[in-house]
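Source file: structure_34.txt. Holds: compact mmCIF, C-alpha atoms.
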# COMPACT_ATOMS: atom_id res chain seq x y z
CA MET A 1 0.00 0.00 0.00
CA LYS A 2 2.84 2.32 0.94
CA THR A 3 4.74 1.88 -2.33
CA PRO A 4 1.98 3.04 -4.73
CA ILE A 5 1.46 6.17 -2.62
CA LEU A 6 5.17 6.87 -2.62
CA LEU A 7 5.36 6.30 -6.36
CA ALA A 8 2.40 8.59 -6.98
CA LEU A 9 4.02 11.28 -4.86
CA MET A 10 7.26 10.93 -6.77
CA VAL A 11 5.53 11.20 -10.13
CA ALA A 12 3.50 14.21 -8.99
CA ALA A 13 6.54 15.99 -7.59
CA ALA A 14 8.60 15.15 -10.63
CA LEU A 15 5.94 16.40 -13.03
CA ALA A 16 5.55 19.57 -10.98
CA THR A 17 9.26 20.26 -11.34
CA THR A 18 8.96 19.64 -15.07
CA ALA A 19 6.13 22.17 -15.25
CA CYS A 20 8.41 24.74 -13.64
CA SER A 21 10.02 25.30 -17.00
CA LYS A 22 12.39 28.24 -17.23
CA SER A 23 11.43 29.45 -13.79
CA GLY A 24 14.91 30.47 -12.85
CA THR A 25 17.34 27.65 -12.18
CA ALA A 26 18.02 27.04 -15.85
CA LYS A 27 18.64 30.63 -16.89
CA ALA A 28 21.91 32.17 -17.84
CA ALA A 29 23.38 34.35 -15.15
CA LYS A 30 25.94 37.09 -14.67
CA ALA A 31 27.82 37.53 -11.44
CA ASN A 32 30.07 40.30 -10.26
CA THR A 33 33.15 38.94 -8.63
CA ASP A 34 34.44 41.89 -6.60
CA HIS A 35 37.52 42.24 -8.77
CA LYS A 36 39.18 39.21 -7.18
CA PRO A 37 42.48 38.13 -8.72
CA ALA A 38 42.00 35.44 -11.36
CA PRO A 39 43.26 32.01 -10.23
CA VAL A 40 46.49 30.64 -11.64
CA LEU A 41 45.96 28.99 -15.02
CA VAL A 42 48.71 27.01 -16.75
CA LEU A 43 47.60 24.76 -19.61
CA PRO A 44 48.90 23.35 -22.89
CA ASP A 45 47.78 24.58 -26.28
CA GLU A 46 47.34 22.38 -29.35
CA GLN A 47 51.06 22.59 -30.22
CA GLY A 48 52.07 21.53 -26.71
CA ASN A 49 53.19 25.00 -25.66
CA THR A 50 52.54 25.90 -22.04
CA ILE A 51 50.29 28.93 -21.80
CA ARG A 52 50.00 30.92 -18.56
CA LEU A 53 47.23 33.37 -17.83
CA ALA A 54 49.85 35.41 -15.93
CA ASP A 55 51.62 36.04 -19.26
CA PHE A 56 48.58 38.07 -20.34
CA LYS A 57 48.85 40.54 -17.45
CA GLY A 58 48.52 44.04 -18.85
CA LYS A 59 45.87 42.87 -21.30
CA VAL A 60 42.13 42.59 -20.95
CA VAL A 61 41.30 38.89 -21.24
CA VAL A 62 38.06 37.11 -22.06
CA LEU A 63 38.54 33.63 -20.60
CA ASN A 64 35.91 31.39 -22.14
CA PHE A 65 35.24 27.84 -20.90
CA TRP A 66 33.46 25.81 -23.57
CA ALA A 67 33.10 22.33 -25.13
CA THR A 68 32.42 20.97 -28.60
CA TRP A 69 29.19 19.27 -27.40
CA CYS A 70 27.83 22.57 -26.06
CA GLY A 71 25.57 24.33 -28.56
CA PRO A 72 25.36 27.67 -26.70
CA CYS A 73 29.18 27.70 -26.44
CA LYS A 74 29.58 27.25 -30.19
CA PHE A 75 27.04 29.99 -30.83
CA GLU A 76 29.29 32.49 -28.99
CA ILE A 77 32.55 31.55 -30.69
CA PRO A 78 32.08 33.67 -33.87
CA TRP A 79 31.57 36.67 -31.57
CA LEU A 80 34.79 35.87 -29.72
CA ILE A 81 36.64 35.61 -33.05
CA GLU A 82 35.25 39.03 -33.99
CA PHE A 83 36.24 40.58 -30.63
CA GLN A 84 39.75 39.18 -30.97
CA ARG A 85 40.09 40.70 -34.44
CA GLN A 86 38.57 44.03 -33.40
CA TYR A 87 40.30 44.67 -30.04
CA LYS A 88 43.59 42.77 -30.07
CA ASP A 89 45.55 45.94 -30.92
CA GLN A 90 44.17 47.63 -27.80
CA GLY A 91 45.74 45.11 -25.42
CA PHE A 92 43.09 42.42 -25.52
CA SER A 93 42.93 38.68 -25.95
CA VAL A 94 40.38 35.93 -25.86
CA ILE A 95 41.54 32.63 -24.37
CA GLY A 96 39.37 29.56 -24.91
CA VAL A 97 39.52 26.61 -22.51
CA SER A 98 37.94 23.46 -23.88
CA MET A 99 36.50 21.08 -21.30
CA ASP A 100 36.12 18.20 -23.77
CA GLU A 101 36.92 14.85 -22.17
CA GLY A 102 38.00 13.60 -25.60
CA GLY A 103 40.97 15.97 -25.69
CA TRP A 104 42.53 17.36 -28.86
CA PRO A 105 41.11 14.62 -31.15
CA ALA A 106 37.65 15.91 -30.21
CA VAL A 107 38.55 19.60 -30.31
CA ARG A 108 40.85 19.85 -33.33
CA PRO A 109 38.25 19.25 -36.10
CA PHE A 110 36.02 21.96 -34.67
CA LEU A 111 38.87 24.46 -34.42
CA GLU A 112 39.78 23.86 -38.05
CA GLU A 113 36.19 24.49 -39.09
CA ALA A 114 35.61 27.52 -36.84
CA LYS A 115 38.98 29.10 -37.69
CA THR A 116 39.53 30.44 -34.20
CA ASN A 117 42.11 33.26 -34.05
CA TYR A 118 42.91 33.13 -30.33
CA PRO A 119 44.65 30.60 -28.04
CA ILE A 120 42.66 27.47 -27.25
CA LEU A 121 43.79 25.42 -24.26
CA LEU A 122 42.69 22.06 -22.95
CA GLY A 123 41.14 22.33 -19.48
CA THR A 124 41.20 19.81 -16.66
CA ASP A 125 39.09 19.14 -13.58
CA GLU A 126 41.73 20.99 -11.57
CA THR A 127 41.33 24.04 -13.83
CA ALA A 128 37.59 23.96 -13.34
CA ALA A 129 37.97 23.63 -9.57
CA ALA A 130 40.36 26.59 -9.45
CA PHE A 131 37.72 28.73 -11.20
CA GLY A 132 34.92 27.78 -8.83
CA GLY A 133 33.82 24.50 -10.38
CA ILE A 134 32.62 25.59 -13.84
CA GLU A 135 29.29 23.85 -13.33
CA VAL A 136 27.78 25.13 -16.57
CA LEU A 137 29.06 25.89 -20.04
CA PRO A 138 29.70 28.36 -21.43
CA THR A 139 31.24 30.20 -18.50
CA THR A 140 33.22 33.31 -19.34
CA PHE A 141 35.35 35.54 -17.14
CA ILE A 142 36.28 39.10 -18.08
CA ILE A 143 39.71 39.83 -16.61
CA ASP A 144 41.13 43.34 -16.41
CA ARG A 145 44.70 44.50 -17.09
CA GLN A 146 45.64 43.89 -13.45
CA GLY A 147 44.57 40.26 -13.68
CA ARG A 148 41.35 40.75 -11.70
CA ILE A 149 38.02 39.22 -12.64
CA THR A 150 35.58 42.02 -13.35
CA SER A 151 32.58 39.90 -14.32
CA THR A 152 31.54 36.30 -14.78
CA HIS A 153 29.00 35.23 -17.39
CA MET A 154 27.34 31.81 -17.06
CA GLY A 155 25.38 30.59 -20.05
CA LEU A 156 24.79 32.15 -23.43
CA THR A 157 25.46 35.85 -23.11
CA GLY A 158 24.21 38.57 -25.44
CA LYS A 159 26.86 39.83 -27.83
CA ASP A 160 26.22 43.40 -26.69
CA ASP A 161 26.62 42.43 -23.03
CA PHE A 162 30.00 40.88 -23.82
CA GLU A 163 31.15 43.83 -25.86
CA ASN A 164 30.07 46.34 -23.22
CA ALA A 165 31.99 44.41 -20.56
CA ILE A 166 35.06 44.30 -22.80
CA LYS A 167 34.88 48.02 -23.59
CA ALA A 168 34.48 48.86 -19.91
CA ALA A 169 37.58 46.81 -19.07
CA LEU A 170 39.59 48.36 -21.93
CA MET B 1 -3.46 32.01 -25.36
CA THR B 2 -1.16 32.18 -22.40
CA SER B 3 0.29 29.42 -20.27
CA ARG B 4 0.92 29.69 -16.57
CA THR B 5 4.08 28.56 -14.88
CA PRO B 6 3.85 27.47 -11.24
CA SER B 7 5.25 29.93 -8.72
CA ARG B 8 8.92 29.75 -7.73
CA PRO B 9 8.26 28.57 -4.13
CA LEU B 10 5.96 25.82 -5.45
CA CYS B 11 8.62 24.76 -7.94
CA ASN B 12 11.31 24.67 -5.27
CA ALA B 13 9.07 22.65 -2.96
CA ALA B 14 8.20 20.20 -5.73
CA LEU B 15 11.86 19.81 -6.65
CA ALA B 16 12.80 19.24 -3.02
CA ILE B 17 10.10 16.57 -2.65
CA ALA B 18 11.14 14.89 -5.90
CA LEU B 19 14.80 14.82 -4.88
CA LEU B 20 13.96 13.66 -1.35
CA LEU B 21 11.78 10.85 -2.63
CA THR B 22 14.08 9.69 -5.39
CA GLY B 23 16.96 9.87 -2.93
CA SER B 24 15.15 7.49 -0.57
CA HIS B 25 15.51 4.66 -3.06
CA ALA B 26 18.52 2.89 -4.47
CA TRP B 27 18.04 4.95 -7.63
CA GLY B 28 20.73 7.48 -7.52
CA GLN B 29 22.95 9.64 -9.64
CA ALA B 30 26.64 8.85 -9.76
CA GLY B 31 28.46 11.92 -8.54
CA GLY B 32 25.53 13.79 -7.02
CA VAL B 33 22.08 14.93 -8.04
CA GLY B 34 21.63 15.39 -11.76
CA VAL B 35 19.03 16.75 -14.13
CA VAL B 36 17.59 13.30 -14.85
CA SER B 37 16.00 11.12 -12.17
CA ALA B 38 14.73 7.57 -12.61
CA LEU B 39 11.46 6.40 -11.11
CA PRO B 40 11.51 2.93 -9.54
CA PRO B 41 9.78 0.27 -11.66
CA PRO B 42 7.31 -2.21 -10.15
CA ALA B 43 8.63 -5.48 -8.77
CA LEU B 44 9.59 -7.65 -11.72
CA THR B 45 9.70 -11.38 -12.25
CA VAL B 46 10.63 -13.38 -15.32
CA LYS B 47 10.28 -17.09 -15.95
CA ARG B 48 13.15 -19.08 -17.37
CA GLY B 49 12.87 -19.30 -21.13
CA GLU B 50 10.69 -16.20 -21.36
CA GLU B 51 11.13 -12.51 -22.16
CA LEU B 52 10.91 -9.50 -19.85
CA GLN B 53 9.98 -5.93 -20.71
CA LEU B 54 11.49 -3.35 -18.39
CA PRO B 55 10.08 0.18 -18.60
CA LEU B 56 12.45 2.76 -17.15
CA SER B 57 10.71 6.08 -16.56
CA LEU B 58 12.89 9.15 -16.35
CA VAL B 59 12.07 12.66 -15.27
CA ILE B 60 14.05 15.52 -16.81
CA ARG B 61 14.13 18.65 -14.71
CA GLY B 62 11.96 21.53 -15.96
CA GLY B 63 13.70 23.91 -18.36
CA TYR B 64 16.25 21.29 -19.38
CA HIS B 65 16.41 18.91 -22.32
CA VAL B 66 18.71 16.01 -23.10
CA ASN B 67 19.71 14.93 -26.58
CA SER B 68 17.71 12.07 -28.00
CA ASN B 69 19.27 8.71 -28.80
CA LYS B 70 19.80 9.99 -32.33
CA PRO B 71 20.77 13.68 -32.10
CA ALA B 72 20.33 15.92 -35.10
CA GLU B 73 23.97 17.04 -35.06
CA ASP B 74 27.14 14.94 -34.96
CA TYR B 75 28.70 17.01 -32.18
CA LEU B 76 25.93 16.25 -29.68
CA ILE B 77 26.16 13.46 -27.11
CA PRO B 78 23.29 10.97 -27.48
CA THR B 79 21.26 9.61 -24.58
CA ALA B 80 22.21 5.95 -24.25
CA LEU B 81 21.14 3.22 -21.85
CA THR B 82 23.41 0.23 -21.33
CA TRP B 83 22.91 -2.78 -19.05
CA ASN B 84 24.98 -5.28 -17.18
CA THR B 85 22.54 -8.09 -17.83
CA GLY B 86 23.85 -10.84 -15.54
CA PRO B 87 22.24 -14.14 -16.54
CA LEU B 88 19.77 -12.41 -18.90
CA SER B 89 20.45 -11.40 -22.48
CA LEU B 90 19.49 -7.98 -23.82
CA ARG B 91 17.19 -8.05 -26.84
CA GLY B 92 17.11 -4.29 -27.32
CA VAL B 93 16.29 -0.87 -25.89
CA ALA B 94 13.37 1.11 -27.36
CA TYR B 95 13.83 4.85 -26.99
CA PRO B 96 10.81 7.21 -27.01
CA LYS B 97 9.89 9.45 -29.90
CA ALA B 98 11.97 12.60 -29.68
CA GLU B 99 10.75 16.18 -29.84
CA THR B 100 12.12 18.44 -32.56
CA VAL B 101 12.89 21.82 -31.06
CA LYS B 102 14.57 24.90 -32.52
CA TYR B 103 16.82 26.75 -30.07
CA GLU B 104 18.43 30.16 -30.50
CA PHE B 105 21.90 28.61 -30.38
CA SER B 106 21.35 26.10 -33.17
CA ALA B 107 20.83 26.73 -36.86
CA GLN B 108 18.85 23.49 -37.17
CA PRO B 109 16.09 22.09 -34.94
CA LEU B 110 17.44 19.55 -32.46
CA SER B 111 16.13 16.11 -31.55
CA VAL B 112 15.63 16.12 -27.78
CA TYR B 113 13.77 14.66 -24.82
CA SER B 114 12.22 16.71 -22.03
CA GLY B 115 9.67 16.19 -19.26
CA MET B 116 8.96 12.55 -18.48
CA ILE B 117 10.07 9.79 -20.83
CA THR B 118 10.11 6.00 -20.74
CA LEU B 119 12.78 3.76 -22.23
CA THR B 120 11.76 0.12 -22.60
CA SER B 121 14.38 -2.60 -22.47
CA ARG B 122 13.69 -6.19 -23.49
CA PHE B 123 15.54 -9.08 -21.93
CA ALA B 124 15.39 -12.82 -22.41
CA ALA B 125 15.91 -15.30 -19.59
CA PRO B 126 17.71 -18.44 -20.80
CA ALA B 127 16.13 -21.78 -19.97
CA ASP B 128 19.06 -22.58 -17.72
CA ALA B 129 19.20 -19.21 -15.91
CA PRO B 130 19.66 -19.59 -12.15
CA ARG B 131 16.41 -19.14 -10.22
CA GLY B 132 16.17 -16.45 -7.57
CA PRO B 133 16.54 -12.73 -7.01
CA PHE B 134 19.20 -10.55 -8.59
CA ALA B 135 19.70 -6.95 -9.62
CA LEU B 136 20.01 -5.67 -13.16
CA SER B 137 22.38 -2.72 -13.21
CA GLY B 138 22.26 -0.09 -15.91
CA LYS B 139 23.94 3.14 -16.89
CA LEU B 140 22.19 6.01 -18.58
CA ARG B 141 24.59 8.39 -20.27
CA TYR B 142 23.14 11.79 -21.08
CA GLN B 143 24.06 15.41 -21.56
CA ALA B 144 21.63 18.15 -20.61
CA CYS B 145 21.19 21.74 -21.73
CA THR B 146 18.71 24.57 -21.47
CA ASP B 147 18.21 27.12 -24.22
CA LYS B 148 21.12 29.08 -22.70
CA LEU B 149 23.60 26.69 -21.13
CA CYS B 150 24.81 23.11 -20.94
CA LEU B 151 25.87 20.80 -18.15
CA PRO B 152 28.70 18.27 -18.44
CA PRO B 153 27.82 14.74 -19.61
CA LYS B 154 26.61 12.58 -16.74
CA THR B 155 25.96 8.93 -16.02
CA LEU B 156 22.89 7.91 -14.04
CA GLU B 157 23.32 4.50 -12.48
CA VAL B 158 20.19 2.41 -11.99
CA SER B 159 19.65 -0.88 -10.24
CA VAL B 160 16.50 -2.93 -10.85
CA PRO B 161 15.70 -5.82 -8.53
CA LEU B 162 14.03 -8.78 -10.20
CA THR B 163 13.38 -12.45 -9.65
CA ILE B 164 13.95 -15.30 -12.06
CA GLN B 165 11.40 -18.09 -11.57
Let me see the structure of the file written as structure tokens.
Amino acid sequence: MKTPILLALMVAAALATTACSKSGTAKAAKANTDHKPAPVLVLPDEQGNTIRLADFKGKVVVLNFWATWCGPCKFEIPWLIEFQRQYKDQGFSVIGVSMDEGGWPAVRPFLEEAKTNYPILLGTDETAAAFGGIEVLPTTFIIDRQGRITSTHMGLTGKDDFENAIKAAL
Amino acid sequence: MTSRTPSRPLCNAALAIALLLTGSHAWGQAGGVGVVSALPPPALTVKRGEELQLPLSLVIRGGYHVNSNKPAEDYLIPTALTWNTGPLSLRGVAYPKAETVKYEFSAQPLSVYSGMITLTSRFAAPADAPRGPFALSGKLRYQACTDKLCLPPKTLEVSVPLTIQ
């Protein structure tokens, strides 16, 4: 007798959560981060070179965590290519960190197709942990010339929002 | 025509109840609570030499979707259910009909599941299968997104108790 009641309760509760579509938990979010220093980031690029975030000090950096299986991430990448082209001469760089478990064999074909013009690095669980867990993709940090995080964008961000944050940091 | 969404407190309460109840069973998510929860099936028995149909009902959290078993794009991770069948043999897994949904981030409509879905697995019990209780263990691999963001791929582990007669 107890089991059918329990099951019915579970189904009802589960369906109620399903009905709560787009009520908040699933939305993209932007968080201010109090200009905290960006964590240390040292990762390899496709050629095996070691890239350090610290080497970009003095530049405004858009640090974008993404993956090839993430549709919203791929939607943003043409914007990032455009920002890199438009602002690189003003002391600016995009850095992409792929969180693909499949490594370079998974990432390389996409990079060739997308023709990215900024460094792409391969992230690890440790990288994600250092940056607060990276629970959703895309997650993008805007980092100022002093190496401080000025804003964090979780989920698909409007192109104008990105560009305004970049211009403010420049 | 407008549709109403339940209030935020109601949604939070419903989610809490759902998580509490699903957490009270052996149906859990490897590595913490995920977007997909499995509902426990009824007690199952199968006779030696016969077939068994196992419906596995899954609830996908509101606002999220998972890719179908046959995603529209090569880069997407399909939903896939695999079983450690023990003495049984797997005859096949029937996936539900997918929804076709166009999202802002994709040029083409995607093939996805959302809400509540049921995957039906068919097993055969050999004539010489050992009689008695045992547990079928399965792994559901999925990757969830909303219209704005994605979560890392996850594996939901399920365990289904059944008896061979």
Within 6 Å of stretch 83-97 of chain A using all atoms listed in the file, minus same-chain residues under 4 positions, as a list of chain:residue names: A:Lys59, A:Val60, A:Val61, A:Val62, A:Leu63, A:Asn64, A:Phe65, A:Tyr118, A:Pro119, A:Ile120, A:Leu121, A:Leu122, A:Gly123
Computed interatomic separation between atom CA of B:Leu149 and atom CA of A:Ile143 (Å): 21.3 Å
One-decimal distance in Å that lies between atom CA of A:Ala106 and atom CA of B:Val59: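 Separation between atom CA of B:Val59 and atom CA of A:Ala106: 29.8 Å.
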Non-local contacts of stretch 40-42 of chain A (12 Å; all atoms listed in the file; under 2 positions in same chain excluded) as a ChimeraX atom specification: /A:37-38,44-45,48-57,63,95-97,121-124,126-131,147-148
Pick from A:Pro39, A:Pro78, A:Pro138, A:Gly132 nearest to chain B, counting all atoms listed in the file: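 Once distances to chain B are computed over all atoms listed in the file, the minimum belongs to A:Pro138.
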Contacts of B:Gln53 at 8 Å or less, counting only C-alpha atoms, minus same-chain residues fewer than 5 places along, as a PDB file with C-alpha atoms, in the coordinates of the input?
ATOM      1  CA  THR B 120      11.760   0.120 -22.600  1.00  0.00           C
ATOM      2  CA  SER B 121      14.380  -2.600 -22.470  1.00  0.00           C
ATOM      3  CA  ARG B 122      13.690  -6.190 -23.490  1.00  0.00           C
ATOM      4  CA  PHE B 123      15.540  -9.080 -21.930  1.00  0.00           C
TER       5      PHE B 123
END
Please provide the set of residues having any atom within 7 Å of B:Gly115, restricted to all atoms listed in the file, with same-chain residues fewer than 6 positions apart removed, written as an mmCIF file with C-alpha atoms, in the frame of the given file.
data_model
loop_
_atom_site.group_PDB
_atom_site.id
_atom_site.type_symbol
_atom_site.label_atom_id
_atom_site.label_comp_id
_atom_site.auth_asym_id
_atom_site.auth_seq_id
_atom_site.Cartn_x
_atom_site.Cartn_y
_atom_site.Cartn_z
ATOM 1 C CA THR A 18 8.960 19.640 -15.070
ATOM 2 C CA VAL B 59 12.070 12.660 -15.270
ATOM 3 C CA ILE B 60 14.050 15.520 -16.810
ATOM 4 C CA ARG B 61 14.130 18.650 -14.710
ATOM 5 C CA GLY B 62 11.960 21.530 -15.960
#
Which of A:Ala165, A:Leu43, A:Ile81, A:Val136 sits closest to chain B [using all atoms listed in the file]: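 Of the candidates, the smallest distance to chain B is held by A:Val136.
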Between atom CA of A:Glu76 and atom CA of A:Met154 - distance in Å to one decimal: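 So the two atoms, atom CA of A:Met154 and atom CA of A:Glu76, lie 12.1 Å apart.
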Selected residue of minimal separation from chain B among A:Asp34, A:Glu135, A:Glu46, A:Asp125, counting all atoms listed in the file: A:Glu135
